[in-house]
file protein-v3.tsv (TSV, C-alpha atoms)
chain	number	residue	atom	x	y	z
Q	1	MET	CA	-15.78	-3.56	15.73
Q	2	THR	CA	-17.95	-4.47	12.79
Q	3	ILE	CA	-16.91	-2.86	9.56
Q	4	HIS	CA	-19.40	-2.60	6.75
Q	5	HIS	CA	-17.77	-0.30	4.23
Q	6	HIS	CA	-14.47	-1.20	2.57
Q	7	PRO	CA	-12.20	0.43	-0.02
Q	8	PRO	CA	-12.79	-0.77	-3.60
Q	9	GLU	CA	-10.64	-3.67	-4.77
Q	10	GLU	CA	-8.43	-1.58	-7.03
Q	11	LEU	CA	-7.40	0.63	-4.10
Q	12	LEU	CA	-6.38	-2.45	-2.12
Q	13	SER	CA	-4.39	-3.85	-5.04
Q	14	GLY	CA	-2.84	-0.42	-5.60
Q	15	PHE	CA	-1.87	-0.34	-1.93
Q	16	ALA	CA	-0.26	-3.78	-2.18
Q	17	ALA	CA	1.52	-2.78	-5.38
Q	18	GLY	CA	2.77	0.40	-3.69
Q	19	VAL	CA	1.48	2.70	-6.40
Q	20	LEU	CA	-0.95	4.88	-4.44
Q	21	ASP	CA	0.10	8.44	-3.77
Q	22	LEU	CA	0.99	9.20	-0.18
Q	23	GLY	CA	-2.35	10.74	0.78
Q	24	GLN	CA	-4.37	7.82	-0.56
Q	25	HIS	CA	-1.89	5.42	0.98
Q	26	ILE	CA	-2.45	6.93	4.43
Q	27	ALA	CA	-6.25	6.73	4.10
Q	28	VAL	CA	-6.20	3.09	3.01
Q	29	ALA	CA	-3.65	2.15	5.69
Q	30	THR	CA	-5.88	3.76	8.30
Q	31	HIS	CA	-8.71	1.47	7.25
Q	32	LEU	CA	-6.40	-1.56	7.22
Q	33	VAL	CA	-5.41	-0.99	10.83
Q	34	ALA	CA	-9.05	-1.59	11.72
Q	35	CYS	CA	-9.99	-4.15	9.09
Q	36	ARG	CA	-8.72	-7.68	9.22
Q	37	HIS	CA	-10.69	-8.64	6.15
Q	38	CYS	CA	-8.95	-6.08	3.93
Q	39	ARG	CA	-5.56	-6.93	5.44
Q	40	GLY	CA	-6.18	-10.44	4.13
Q	41	THR	CA	-6.98	-9.07	0.68
Q	42	VAL	CA	-3.85	-6.90	0.65
Q	43	GLN	CA	-1.77	-9.86	1.71
Q	44	ALA	CA	-3.18	-11.90	-1.15
Q	45	PHE	CA	-2.33	-9.09	-3.57
Q	46	GLU	CA	1.21	-8.99	-2.14
Q	47	HIS	CA	1.49	-12.64	-3.09
Q	48	VAL	CA	0.32	-11.70	-6.56
Q	49	GLY	CA	3.14	-9.13	-6.59
Q	50	GLY	CA	5.66	-11.73	-5.43
Q	51	THR	CA	4.61	-14.22	-8.06
Q	52	LEU	CA	4.74	-11.58	-10.79
Q	53	LEU	CA	8.16	-10.39	-9.55
Q	54	ALA	CA	9.57	-13.92	-9.63
Q	55	GLY	CA	8.29	-14.27	-13.19
Q	56	LEU	CA	9.82	-11.03	-14.53
Q	57	PRO	CA	12.56	-11.29	-17.13
Q	58	PRO	CA	15.96	-10.61	-15.50
Q	59	THR	CA	18.02	-7.49	-16.24
Q	60	GLU	CA	21.74	-8.13	-16.01
Q	61	MET	CA	23.28	-6.67	-12.87
Q	62	SER	CA	26.39	-4.51	-13.12
Q	63	MET	CA	29.65	-6.45	-12.95
Q	64	GLN	CA	30.63	-5.41	-9.46
Q	65	ALA	CA	27.16	-5.62	-7.96
Q	66	PHE	CA	27.51	-8.86	-6.06
Q	67	ALA	CA	31.00	-8.06	-4.81
Q	68	MET	CA	29.83	-4.68	-3.56
Q	69	VAL	CA	26.92	-6.20	-1.71
Q	70	GLU	CA	29.06	-8.99	-0.31
Q	71	ALA	CA	31.53	-6.46	1.07
Q	72	ARG	CA	28.68	-4.86	3.00
Q	73	LEU	CA	27.28	-8.03	4.54
Q	74	SER	CA	27.65	-8.00	8.25
Q	75	ASP	CA	27.95	-11.26	10.11
Q	76	GLY	CA	26.17	-9.85	13.11
Q	77	PRO	CA	22.75	-11.15	14.01
Q	78	SER	CA	19.95	-10.29	11.67
Q	79	LEU	CA	17.47	-7.63	12.74
Q	80	SER	CA	14.73	-9.14	14.77
Q	81	THR	CA	12.52	-6.12	15.31
Q	82	THR	CA	11.76	-2.85	13.62
Q	83	LYS	CA	11.20	0.05	15.93
Q	84	PRO	CA	8.98	2.65	14.40
Q	85	SER	CA	9.84	6.07	15.67
Q	86	LEU	CA	6.92	8.33	16.40
Q	87	PRO	CA	8.30	11.84	16.43
Q	88	ASN	CA	4.89	13.48	16.52
Q	89	ALA	CA	3.30	11.55	19.34
Q	90	HIS	CA	1.52	14.73	20.44
Q	91	ILE	CA	-1.39	13.84	18.20
Q	92	ALA	CA	-1.76	10.63	20.14
Q	93	ASP	CA	-4.71	12.31	21.86
Q	94	VAL	CA	-6.85	11.64	18.81
Q	95	ALA	CA	-8.82	8.50	19.59
Q	96	GLY	CA	-8.45	5.78	17.01
Q	97	LEU	CA	-5.61	7.41	15.10
Q	98	PRO	CA	-3.19	4.70	13.94
Q	99	PRO	CA	0.35	5.19	15.30
Q	100	PHE	CA	1.95	5.40	11.84
Q	101	VAL	CA	0.10	8.64	11.12
Q	102	MET	CA	2.08	10.18	13.98
Q	103	ASN	CA	5.12	9.97	11.74
Q	104	TYR	CA	3.76	13.06	10.08
Q	105	PRO	CA	3.59	16.48	11.67
Q	106	ALA	CA	0.07	17.67	12.29
Q	107	GLY	CA	-1.18	21.16	12.82
Q	108	SER	CA	-3.47	22.01	15.70
Q	109	TRP	CA	-7.26	21.80	15.61
Q	110	LYS	CA	-8.69	24.77	13.78
Q	111	TRP	CA	-12.25	25.94	14.04
Q	112	ILE	CA	-13.72	25.94	10.57
Q	113	ALA	CA	-17.45	26.13	11.14
Q	114	PRO	CA	-19.89	25.78	13.99
Q	115	LYS	CA	-19.32	22.36	15.56
Q	116	MET	CA	-16.49	21.53	13.18
Q	117	HIS	CA	-12.73	21.47	13.62
Q	118	LEU	CA	-10.06	20.54	11.16
Q	119	ARG	CA	-6.48	19.42	11.72
Q	120	GLY	CA	-4.14	19.15	8.77
Q	121	ILE	CA	-1.60	16.36	8.41
Q	122	GLN	CA	1.53	17.71	6.78
Q	123	LEU	CA	2.89	15.45	4.12
Q	124	PRO	CA	6.65	15.60	3.59
Q	125	GLU	CA	6.33	15.59	-0.16
Q	126	PRO	CA	4.05	17.21	-2.65
Q	127	SER	CA	1.03	14.97	-3.03
Q	128	GLU	CA	-2.02	15.53	-5.15
Q	129	THR	CA	-4.01	14.39	-2.18
Q	130	ARG	CA	-4.53	16.47	0.97
Q	131	VAL	CA	-4.91	14.66	4.26
Q	132	PHE	CA	-6.64	16.05	7.32
Q	133	LEU	CA	-8.63	15.10	10.36
Q	134	LEU	CA	-12.14	16.41	10.69
Q	135	LYS	CA	-13.89	16.53	14.03
Q	136	SER	CA	-17.61	17.15	14.13
Q	137	ARG	CA	-19.86	17.54	17.14
Q	138	PRO	CA	-22.88	15.25	17.52
Q	139	GLY	CA	-25.77	16.35	15.37
Q	140	THR	CA	-23.62	18.24	12.88
Q	141	LYS	CA	-25.19	18.42	9.47
Q	142	MET	CA	-22.54	18.82	6.89
Q	143	ILE	CA	-22.98	20.87	3.83
Q	144	GLU	CA	-23.89	19.18	0.67
Q	145	HIS	CA	-20.98	19.11	-1.66
Q	146	SER	CA	-19.56	17.42	-4.65
Q	147	HIS	CA	-15.94	17.28	-5.67
Q	148	THR	CA	-13.98	17.27	-8.85
Q	149	GLY	CA	-11.61	14.55	-7.67
Q	150	PHE	CA	-12.22	11.91	-5.06
Q	151	GLU	CA	-12.56	11.84	-1.33
Q	152	MET	CA	-11.64	8.99	0.99
Q	153	THR	CA	-12.98	9.09	4.51
Q	154	CYS	CA	-12.01	6.68	7.24
Q	155	VAL	CA	-13.92	6.94	10.51
Q	156	LEU	CA	-11.69	6.98	13.61
Q	157	SER	CA	-14.38	7.49	16.22
Q	158	GLY	CA	-18.06	8.33	16.37
Q	159	SER	CA	-20.28	7.81	13.35
Q	160	PHE	CA	-22.12	9.54	10.53
Q	161	ALA	CA	-24.74	8.64	7.98
Q	162	HIS	CA	-25.58	9.68	4.46
Q	163	ALA	CA	-27.62	8.24	1.62
Q	164	GLY	CA	-24.92	5.60	1.05
Q	165	GLY	CA	-25.26	4.09	4.52
Q	166	HIS	CA	-24.12	4.36	8.11
Q	167	PHE	CA	-20.42	4.73	8.85
Q	168	GLY	CA	-18.80	3.87	12.19
Q	169	PRO	CA	-15.20	3.33	13.38
Q	170	GLY	CA	-13.06	1.65	10.71
Q	171	ASP	CA	-15.57	2.21	7.91
Q	172	PHE	CA	-14.22	3.57	4.66
Q	173	ASP	CA	-16.23	5.90	2.49
Q	174	PHE	CA	-15.05	6.37	-1.06
Q	175	GLY	CA	-16.58	9.25	-2.96
Q	176	ASP	CA	-15.54	9.67	-6.56
Q	177	GLY	CA	-17.19	12.96	-7.22
Q	178	THR	CA	-20.37	11.57	-8.72
Q	179	VAL	CA	-22.35	11.76	-5.49
Q	180	ASP	CA	-23.60	14.69	-3.51
Q	181	HIS	CA	-23.33	13.97	0.17
Q	182	GLU	CA	-25.58	15.21	2.86
Q	183	ILE	CA	-23.96	13.99	6.00
Q	184	VAL	CA	-25.35	13.83	9.51
Q	185	VAL	CA	-23.19	13.02	12.51
Q	186	ASP	CA	-25.39	10.64	14.49
Q	187	SER	CA	-23.12	9.46	17.31
Q	188	ALA	CA	-23.46	10.67	20.88
Q	189	GLU	CA	-19.78	11.63	20.90
Q	190	ASP	CA	-17.65	13.60	18.46
Q	191	CYS	CA	-17.10	12.02	15.09
Q	192	ILE	CA	-13.45	12.14	14.02
Q	193	CYS	CA	-12.49	11.11	10.52
Q	194	LEU	CA	-9.28	10.96	8.57
Q	195	ILE	CA	-9.91	12.32	5.11
Q	196	ALA	CA	-7.80	12.18	1.97
Q	197	MET	CA	-9.08	14.45	-0.73
Q	198	GLN	CA	-8.01	15.10	-4.26
Q	199	GLY	CA	-9.33	17.75	-6.55
Q	200	ALA	CA	-11.29	20.81	-5.60
Q	201	LEU	CA	-14.36	20.75	-3.45
Q	202	LYS	CA	-17.32	22.48	-4.92
Q	203	LEU	CA	-18.99	23.75	-1.83
Q	204	ASN	CA	-22.42	25.20	-1.62
Q	205	GLY	CA	-23.72	27.68	0.86
Q	206	VAL	CA	-22.20	30.11	3.31
Q	207	ILE	CA	-20.32	27.54	5.36
Q	208	GLY	CA	-18.98	26.10	2.17
Q	209	ARG	CA	-17.45	29.39	1.22
Q	210	LEU	CA	-15.93	29.67	4.68
Q	211	LEU	CA	-14.54	26.17	4.49
Q	212	GLN	CA	-13.15	26.44	0.99
Q	213	PRO	CA	-9.99	28.44	1.67
Q	214	LEU	CA	-9.22	26.49	4.84
Q	215	ILE	CA	-9.44	23.13	3.26
Q	216	ARG	CA	-7.01	24.06	0.55
Q	217	MET	CA	-3.89	23.59	2.63
X	1	MET	CA	4.66	-17.17	-20.01
X	2	LEU	CA	3.49	-17.84	-16.51
X	3	ASN	CA	2.14	-21.14	-17.73
X	4	GLU	CA	5.44	-22.15	-19.27
X	5	THR	CA	7.31	-21.47	-16.08
X	6	ALA	CA	4.67	-22.79	-13.72
X	7	ASN	CA	6.56	-25.96	-12.90
X	8	SER	CA	9.92	-24.36	-12.28
X	9	ALA	CA	8.18	-21.59	-10.33
X	10	ALA	CA	6.62	-24.17	-8.05
X	11	SER	CA	9.93	-25.90	-7.36
X	12	ASP	CA	11.67	-22.54	-6.83
X	13	ALA	CA	8.90	-21.55	-4.46
X	14	ALA	CA	9.71	-24.56	-2.37
X	15	ARG	CA	13.39	-23.70	-1.94
X	16	TRP	CA	13.31	-19.94	-1.37
X	17	PRO	CA	12.05	-20.14	2.23
X	18	SER	CA	14.79	-22.54	3.29
X	19	LEU	CA	17.43	-20.32	1.68
X	20	ILE	CA	16.16	-17.26	3.55
X	21	GLU	CA	16.06	-19.24	6.77
X	22	ALA	CA	19.64	-20.40	6.19
X	23	VAL	CA	20.65	-16.75	5.85
X	24	ALA	CA	18.81	-15.91	9.06
X	25	ALA	CA	20.03	-18.80	11.16
X	26	ARG	CA	23.59	-19.37	9.90
X	27	ARG	CA	24.37	-16.21	7.97
X	28	ASP	CA	24.83	-18.62	5.06
X	29	ARG	CA	26.58	-16.73	2.24
X	30	GLU	CA	26.09	-19.44	-0.32
X	31	ALA	CA	22.35	-19.41	0.22
X	32	PHE	CA	22.49	-15.62	-0.04
X	33	ALA	CA	24.40	-15.81	-3.33
X	34	THR	CA	21.66	-18.06	-4.76
X	35	LEU	CA	18.97	-15.60	-3.70
X	36	PHE	CA	20.99	-12.72	-5.13
X	37	GLU	CA	21.51	-14.45	-8.43
X	38	TYR	CA	17.82	-15.05	-8.95
X	39	PHE	CA	16.19	-12.01	-7.39
X	40	ALA	CA	18.58	-9.09	-7.92
X	41	PRO	CA	18.21	-9.11	-11.74
X	42	ARG	CA	14.41	-9.37	-11.46
X	43	ILE	CA	14.19	-6.60	-8.87
X	44	LYS	CA	16.31	-4.55	-11.26
X	45	THR	CA	13.70	-5.12	-13.98
X	46	PHE	CA	10.99	-4.13	-11.48
X	47	MET	CA	12.84	-0.87	-10.69
X	48	ARG	CA	13.52	-0.12	-14.37
X	49	ARG	CA	9.84	-0.53	-15.15
X	50	ALA	CA	9.01	1.82	-12.31
X	51	GLY	CA	11.12	4.43	-14.07
X	52	ALA	CA	14.48	4.11	-12.30
X	53	SER	CA	17.63	4.73	-14.36
X	54	GLU	CA	19.94	1.82	-15.17
X	55	GLN	CA	22.30	2.83	-12.37
X	56	SER	CA	19.73	3.50	-9.70
X	57	ALA	CA	17.80	0.32	-10.57
X	58	ASP	CA	21.05	-1.59	-10.06
X	59	GLU	CA	21.68	0.14	-6.73
X	60	LEU	CA	18.10	-0.42	-5.55
X	61	ALA	CA	18.34	-4.12	-6.41
X	62	GLN	CA	21.55	-4.26	-4.37
X	63	GLU	CA	19.84	-2.50	-1.46
X	64	ALA	CA	16.93	-4.92	-1.66
X	65	LEU	CA	19.20	-7.94	-1.38
X	66	LEU	CA	21.10	-6.30	1.47
X	67	ALA	CA	17.75	-5.91	3.22
X	68	VAL	CA	17.01	-9.58	2.60
X	69	TRP	CA	20.28	-10.33	4.40
X	70	SER	CA	19.71	-7.97	7.31
X	71	LYS	CA	16.00	-8.70	7.79
X	72	ALA	CA	16.11	-12.45	7.16
X	73	LYS	CA	15.19	-13.16	10.75
X	74	LEU	CA	11.93	-11.25	10.35
X	75	PHE	CA	10.84	-13.63	7.59
X	76	ASP	CA	8.12	-15.94	8.86
X	77	PRO	CA	7.48	-18.64	6.27
X	78	ALA	CA	4.26	-19.68	7.99
X	79	SER	CA	2.59	-16.33	7.44
X	80	VAL	CA	4.06	-15.04	4.19
X	81	GLY	CA	5.45	-16.55	1.00
X	82	ALA	CA	9.11	-15.94	0.22
X	83	THR	CA	8.51	-14.15	-3.08
X	84	ALA	CA	5.78	-12.00	-1.51
X	85	TRP	CA	8.18	-11.07	1.31
X	86	ILE	CA	10.93	-10.12	-1.14
X	87	PHE	CA	8.38	-8.25	-3.24
X	88	THR	CA	7.36	-6.12	-0.24
X	89	ILE	CA	11.02	-5.29	0.48
X	90	ALA	CA	11.57	-4.19	-3.12
X	91	ARG	CA	8.26	-2.30	-3.18
X	92	ASN	CA	9.08	-0.37	-0.02
X	93	LEU	CA	12.52	0.55	-1.35
X	94	ARG	CA	10.95	1.79	-4.54
X	95	ILE	CA	8.45	3.92	-2.60
X	96	ASP	CA	11.28	5.27	-0.45
X	97	ALA	CA	13.33	6.17	-3.51
X	98	LEU	CA	10.40	7.93	-5.16
X	99	ARG	CA	9.62	9.84	-1.98
X	100	ARG	CA	13.22	10.93	-1.56
X	101	GLU	CA	13.20	12.25	-5.10
X	102	LYS	CA	10.08	14.32	-4.49
X	103	ARG	CA	11.17	15.60	-1.13
X	104	THR	CA	12.32	19.13	-0.70
X	105	ARG	CA	13.11	19.07	3.00
X	106	THR	CA	15.89	16.86	4.26
X	107	ASP	CA	14.65	16.52	7.81
X	108	SER	CA	11.58	14.61	6.88
X	109	ALA	CA	12.66	11.03	6.46
X	110	VAL	CA	9.70	8.87	7.29
X	111	GLU	CA	10.01	5.16	7.84
X	112	ILE	CA	7.90	3.46	5.26
X	113	ASP	CA	7.80	0.02	6.85
X	114	PRO	CA	5.44	0.85	9.75
X	115	GLU	CA	2.84	2.00	7.24
X	116	PHE	CA	2.65	-1.44	5.79
X	117	HIS	CA	3.03	-3.27	9.08
X	118	VAL	CA	-0.24	-1.93	10.25
X	119	ASP	CA	-0.78	-4.69	12.71
X	120	ASP	CA	1.52	-6.86	14.75
X	121	GLY	CA	-1.22	-9.27	15.72
X	122	PRO	CA	-1.84	-12.60	14.09
X	123	GLN	CA	-1.89	-12.46	10.32
X	124	PRO	CA	-5.34	-12.44	8.73
X	125	ASP	CA	-5.24	-16.03	7.79
X	126	ALA	CA	-3.05	-18.12	9.98
X	127	SER	CA	-4.99	-21.21	9.00
X	128	LEU	CA	-4.10	-20.97	5.33
X	129	ALA	CA	-0.43	-21.87	4.95
X	130	SER	CA	1.52	-19.35	2.92
X	131	SER	CA	2.58	-22.12	0.55
X	132	GLN	CA	-1.08	-22.83	-0.17
X	133	LEU	CA	-1.71	-19.14	-0.75
X	134	GLU	CA	1.27	-19.01	-3.11
X	135	SER	CA	0.10	-21.94	-5.17
X	136	ARG	CA	-3.42	-20.53	-5.28
X	137	VAL	CA	-2.03	-17.23	-6.52
X	138	ARG	CA	0.00	-19.01	-9.19
X	139	SER	CA	-2.98	-20.92	-10.52
X	140	ALA	CA	-5.20	-17.85	-10.30
X	141	LEU	CA	-2.71	-15.83	-12.38
X	142	ALA	CA	-2.28	-18.69	-14.84
X	143	ALA	CA	-6.05	-18.79	-15.31
X	144	LEU	CA	-6.28	-15.13	-16.32
X	145	SER	CA	-6.51	-14.34	-20.00
X	146	GLU	CA	-3.41	-12.86	-21.63
X	147	ASP	CA	-5.20	-9.47	-21.74
X	148	GLN	CA	-6.14	-9.54	-18.09
X	149	LEU	CA	-2.66	-10.60	-17.05
X	150	ARG	CA	-1.19	-7.73	-19.04
X	151	VAL	CA	-3.25	-5.08	-17.25
X	152	VAL	CA	-2.49	-6.64	-13.87
X	153	GLU	CA	1.24	-6.61	-14.63
X	154	LEU	CA	1.10	-3.03	-15.86
X	155	SER	CA	-0.78	-1.93	-12.78
X	156	PHE	CA	1.76	-3.59	-10.51
X	157	PHE	CA	5.00	-2.79	-12.22
X	158	GLU	CA	4.79	0.16	-14.49
X	159	GLU	CA	3.00	2.58	-12.25
X	160	LYS	CA	1.22	3.78	-15.29
X	161	ALA	CA	-1.90	5.80	-15.01
X	162	HIS	CA	-4.85	4.01	-16.53
X	163	ALA	CA	-4.74	6.45	-19.41
X	164	GLU	CA	-1.17	5.46	-20.22
X	165	ILE	CA	-2.00	1.78	-20.05
X	166	ALA	CA	-4.81	2.47	-22.51
X	167	GLN	CA	-2.34	4.13	-24.85
X	168	ALA	CA	0.24	1.37	-24.50
X	169	LEU	CA	-2.29	-1.35	-25.23
X	170	ARG	CA	-4.21	0.75	-27.77
X	171	ILE	CA	-7.53	0.17	-26.12
X	172	PRO	CA	-10.05	2.69	-24.77
X	173	LEU	CA	-9.62	3.98	-21.22
X	174	GLY	CA	-12.95	2.48	-20.13
X	175	THR	CA	-11.75	-0.92	-21.32
X	176	VAL	CA	-8.61	-0.66	-19.18
X	177	LYS	CA	-10.64	0.18	-16.12
X	178	SER	CA	-13.18	-2.58	-16.65
X	179	ARG	CA	-10.48	-5.11	-17.57
X	180	LEU	CA	-8.46	-4.29	-14.48
X	181	ARG	CA	-11.48	-4.43	-12.23
X	182	LEU	CA	-12.53	-7.74	-13.78
X	183	ALA	CA	-9.04	-9.21	-13.42
X	184	MET	CA	-8.76	-8.09	-9.80
X	185	ASN	CA	-12.20	-9.41	-8.94
X	186	ARG	CA	-11.41	-12.65	-10.64
X	187	LEU	CA	-8.13	-12.99	-8.76
X	188	ARG	CA	-9.84	-12.13	-5.53
X	189	GLY	CA	-12.55	-14.70	-6.22
X	190	MET	CA	-10.06	-17.43	-7.01
X	191	LEU	CA	-8.01	-16.67	-3.93
X	192	GLY	CA	-11.04	-17.36	-1.84
X	193	ASP	CA	-11.97	-15.82	1.45
X	194	LEU	CA	-8.77	-14.99	3.23
X	195	SER	CA	-10.04	-13.25	6.27
call {"tool": "encode", "arguments": {"input": "protein-v3.tsv", "output": "structure tokens"}}
result
Amino acid sequence: MTIHHHPPEELLSGFAAGVLDLGQHIAVATHLVACRHCRGTVQAFEHVGGTLLAGLPPTEMSMQAFAMVEARLSDGPSLSTTKPSLPNAHIADVAGLPPFVMNYPAGSWKWIAPKMHLRGIQLPEPSETRVFLLKSRPGTKMIEHSHTGFEMTCVLSGSFAHAGGHFGPGDFDFGDGTVDHEIVVDSAEDCICLIAMQGALKLNGVIGRLLQPLIRM
Amino acid sequence: MLNETANSAASDAARWPSLIEAVAARRDREAFATLFEYFAPRIKTFMRRAGASEQSADELAQEALLAVWSKAKLFDPASVGATAWIFTIARNLRIDALRREKRTRTDSAVEIDPEFHVDDGPQPDASLASSQLESRVRSALAALSEDQLRVVELSFFEEKAHAEIAQALRIPLGTVKSRLRLAMNRLRGMLGDLS
């Protein structure tokens, strides 16, 4: 898999620092599953975090802190594996969806426009960012739109193109509201993307008005 | 300040991995106490800066060190530096705590760790020893200007929106953004190609 489009640096450092909101976090993590290059960058930023942490001034711990921790130390063997539980494995049928996303309940595919289906990912906490999967049939031309916030798109399968380039599996498209997209799905199979979106979409046209209420989940 | 402590940081960096390994292999309580003494108060500072109260910062620092004890065996010194590993533990606890606060439903506990362990395969750069990466990071940070270092620290530890950083440093918002981007690019450049 050759990946050509990556998240901007400050999103990767924000991911490493742990300061992205949940929706953005999920979109960036989805890209990282596919992108070894960006995993390397995140790892480097985690080392920046470690070095900064080690250099922070200390804050005195409460008097009993060490004793309390010591009382809870178990002499049993240390954990050697972490087993992620995947309570919502029913969305495993979505090709290219990283397993961690299955930690979150998803709705079912909803028809939103000719050739387009949308499936919401339910976040367990209020997030300014909405996350959903969008499935488009080959040849779909998406409405032009601009947004007031930002939109992060990570391709899971299939591909699309717009003025900014061609986007295939693993590619990350970051729109900050300054660009109007006109998107064409150019793969022979369905194009499925995970999208994190903040702010309101300003949709144009009839389909836009149909899509508007659905996308606001 | 990073410059002043560069030497002691380098010698500390050399002993942390062996202490964590002693905890993993022998359940060595003395090694654990040394780790606790150094890291718990700094993790507490980290939590305070992220907005935790005095009490919850103390508790989160305790939880972090407990996790160091229980997960010690997962620490692989060849692929990750000791301080980076401890940082990720503290970071994940902080995210967990923030999420719990925001959560309205109780049945929705989501494991945070799998989201960061996005891949179990070989780490991106097995050829670059973690100790090399650590020393590169230290010199890269030491080479940043005071201003750049300040925005990097704020972006890592104070979870401040760019607008708040601008206010705190009394500089225009655009300057914060460009300074942060410059600092991150510079760091990235100095760290070299890691993929």
call {"tool": "atom_distance", "arguments": {"input": "protein-v3.tsv", "atom1": "atom CA of X:Leu187", "atom2": "atom CA of Q:Glu151"}}
result
26.3 Å
call {"tool": "interface_residues", "arguments": {"input": "protein-v3.tsv", "of": "chain Q", "to": "chain X", "cutoff": "7 Å", "atoms": "all atoms listed in the file", "output": "PyMOL selection string"}}
result
chain Q and resi 9-10+17-19+29+32-33+36-37+39-41+46-51+53-62+65+69+75+78-80+84+100+103+124-126
call {"tool": "atom_distance", "arguments": {"input": "protein-v3.tsv", "atom1": "atom CA of Q:Phe45", "atom2": "atom CA of X:Arg186"}}
result
12.0 Å
call {"tool": "atom_distance", "arguments": {"input": "protein-v3.tsv", "atom1": "atom CA of Q:Thr129", "atom2": "atom CA of X:His162"}}
result
17.7 Å
call {"tool": "axis_aligned_box", "arguments": {"input": "protein-v3.tsv", "around": "stretch 2-18 of chain Q", "padding_each_side": "4 Å", "output": "JSON"}}
result
{"center_x": -8.3, "center_y": -1.9, "center_z": 2.9, "size_x": 30.2, "size_y": 13.1, "size_z": 27.8}
call {"tool": "build_atoms", "arguments": {"input": "protein-v3.tsv", "residues": "stretch 47-62 of chain X", "atoms": "N, CA and C atoms", "output": "CSV table (one decimal), in the coordinates of the input"}}
result
chain,number,residue,atom,x,y,z
X,47,MET,N,12.5,-2.3,-10.9
X,47,MET,CA,12.8,-0.9,-10.7
X,47,MET,C,12.9,-0.1,-12.0
X,48,ARG,N,13.5,-0.8,-13.1
X,48,ARG,CA,13.5,-0.1,-14.4
X,48,ARG,C,12.1,0.2,-14.8
X,49,ARG,N,11.2,-0.7,-14.7
X,49,ARG,CA,9.8,-0.5,-15.2
X,49,ARG,C,9.1,0.6,-14.4
X,50,ALA,N,9.6,0.8,-13.1
X,50,ALA,CA,9.0,1.8,-12.3
X,50,ALA,C,9.6,3.2,-12.6
X,51,GLY,N,10.6,3.2,-13.6
X,51,GLY,CA,11.1,4.4,-14.1
X,51,GLY,C,12.5,4.8,-13.6
X,52,ALA,N,13.1,3.8,-12.8
X,52,ALA,CA,14.5,4.1,-12.3
X,52,ALA,C,15.5,4.0,-13.4
X,53,SER,N,16.6,4.8,-13.4
X,53,SER,CA,17.6,4.7,-14.4
X,53,SER,C,18.4,3.4,-14.2
X,54,GLU,N,19.1,3.0,-15.2
X,54,GLU,CA,19.9,1.8,-15.2
X,54,GLU,C,20.8,1.7,-13.9
X,55,GLN,N,21.4,2.8,-13.5
X,55,GLN,CA,22.3,2.8,-12.4
X,55,GLN,C,21.5,2.7,-11.1
X,56,SER,N,20.4,3.5,-11.0
X,56,SER,CA,19.7,3.5,-9.7
X,56,SER,C,18.9,2.2,-9.5
X,57,ALA,N,18.5,1.6,-10.7
X,57,ALA,CA,17.8,0.3,-10.6
X,57,ALA,C,18.8,-0.7,-10.0
X,58,ASP,N,20.0,-0.6,-10.5
X,58,ASP,CA,21.0,-1.6,-10.1
X,58,ASP,C,21.3,-1.4,-8.6
X,59,GLU,N,21.4,-0.1,-8.2
X,59,GLU,CA,21.7,0.1,-6.7
X,59,GLU,C,20.5,-0.3,-5.9
X,60,LEU,N,19.3,0.0,-6.3
X,60,LEU,CA,18.1,-0.4,-5.6
X,60,LEU,C,18.0,-1.9,-5.4
X,61,ALA,N,18.4,-2.6,-6.5
X,61,ALA,CA,18.3,-4.1,-6.4
X,61,ALA,C,19.4,-4.6,-5.4
X,62,GLN,N,20.5,-3.9,-5.4
X,62,GLN,CA,21.6,-4.3,-4.4
X,62,GLN,C,21.0,-4.0,-3.0
